[in-house]
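First comes the structure, then the notes that go with it.
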Amino acid sequence: MKIVACIFARGGSKGVPRKNIRLLGGKPLIGRSIEAARALTLVDRVIVSTDDVEIADVARQFGAETVVNARETDPVAALRELTHGEGVETAMDCTGNPDARVAAVRSATTWGRVAFVGEGNTTTFDISQDMIRRQLTIHASWTFSSVGQAECARFIADRRVGLGRLLTHRFRLEQAEDAYRLFDTQTTGKGVFMF
């Protein structure tokens, strides 16, 4: 079985405008997401669904195999077609957009995984039909704004808290699979990817 990862990336971010193409450590955020997915040895294909031309261009530059234009094509139908009716093994929505979240769930294959990163909005699912009967595993992660991150950094600097005490693990991007497997155990402290 081929494992297909799909990243949903919307162009109209409200909290951090244009966040998917903003630089993070010298690379666009969507580029980092694609690189992380491609670094996972179990993932065979990386597909991006977006409503934004610039995000689509960046996604191609960073190696997304296929980019689905969500303005012109039903992303669920397109992903099902690209996977010969199976659906994607892993879908990740980073938009907080209700339609994109539903599309992520509905594009996943039976026994697939869906990750929601970020927050905002209310999303309605048919829990039984969309999730339970398909045996999906749903992961969620809360992130916070650059303002919140700056406040945390200021707190750490003002109080001279050593990062060595806060960060228990350090990984290179090539170690993403091992890092996420470890953090999935929820038995560790904080970690950081070193670029």
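By order of appearance in the structure tokens: chains A, B, ..., then residues from 1 within every chain, and ligands from 1 in the order shown.
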_Those of region 5-66 of chain A in DSSP alpha helix (DSSP H), formatted as an MDAnalysis selection string_ = chainID A and resid 29:39 53:61
*Which neighbours of Gly12 (chain A) fall inside 9 Å, counting only C-alpha atoms, when residues of the same chain fewer than 5 positions from it are skipped, and could you give them as a list in words?*
Pro17, Arg18, Lys19, Asp51, Asp52 and Thr95 of chain A
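Using only C-alpha atoms, the smallest distance between any of A:His84, A:Arg32, A:Arg159, A:Arg10 and Gly96 (chain A) comes from A:Arg10.
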*Where in region 70-175 of chain A does DSSP assign strand (DSSP E or B), given as a PyMOL selection string?*
chain A and resi 88-93+108-117+137-141+167-172
*Select, from A:Asp44, A:Asp158, A:Asp57, A:Asp99, the residue with the minimum atom-to-atom distance to Ile30 (chain A), counting only C-alpha atoms.*
A:Asp57
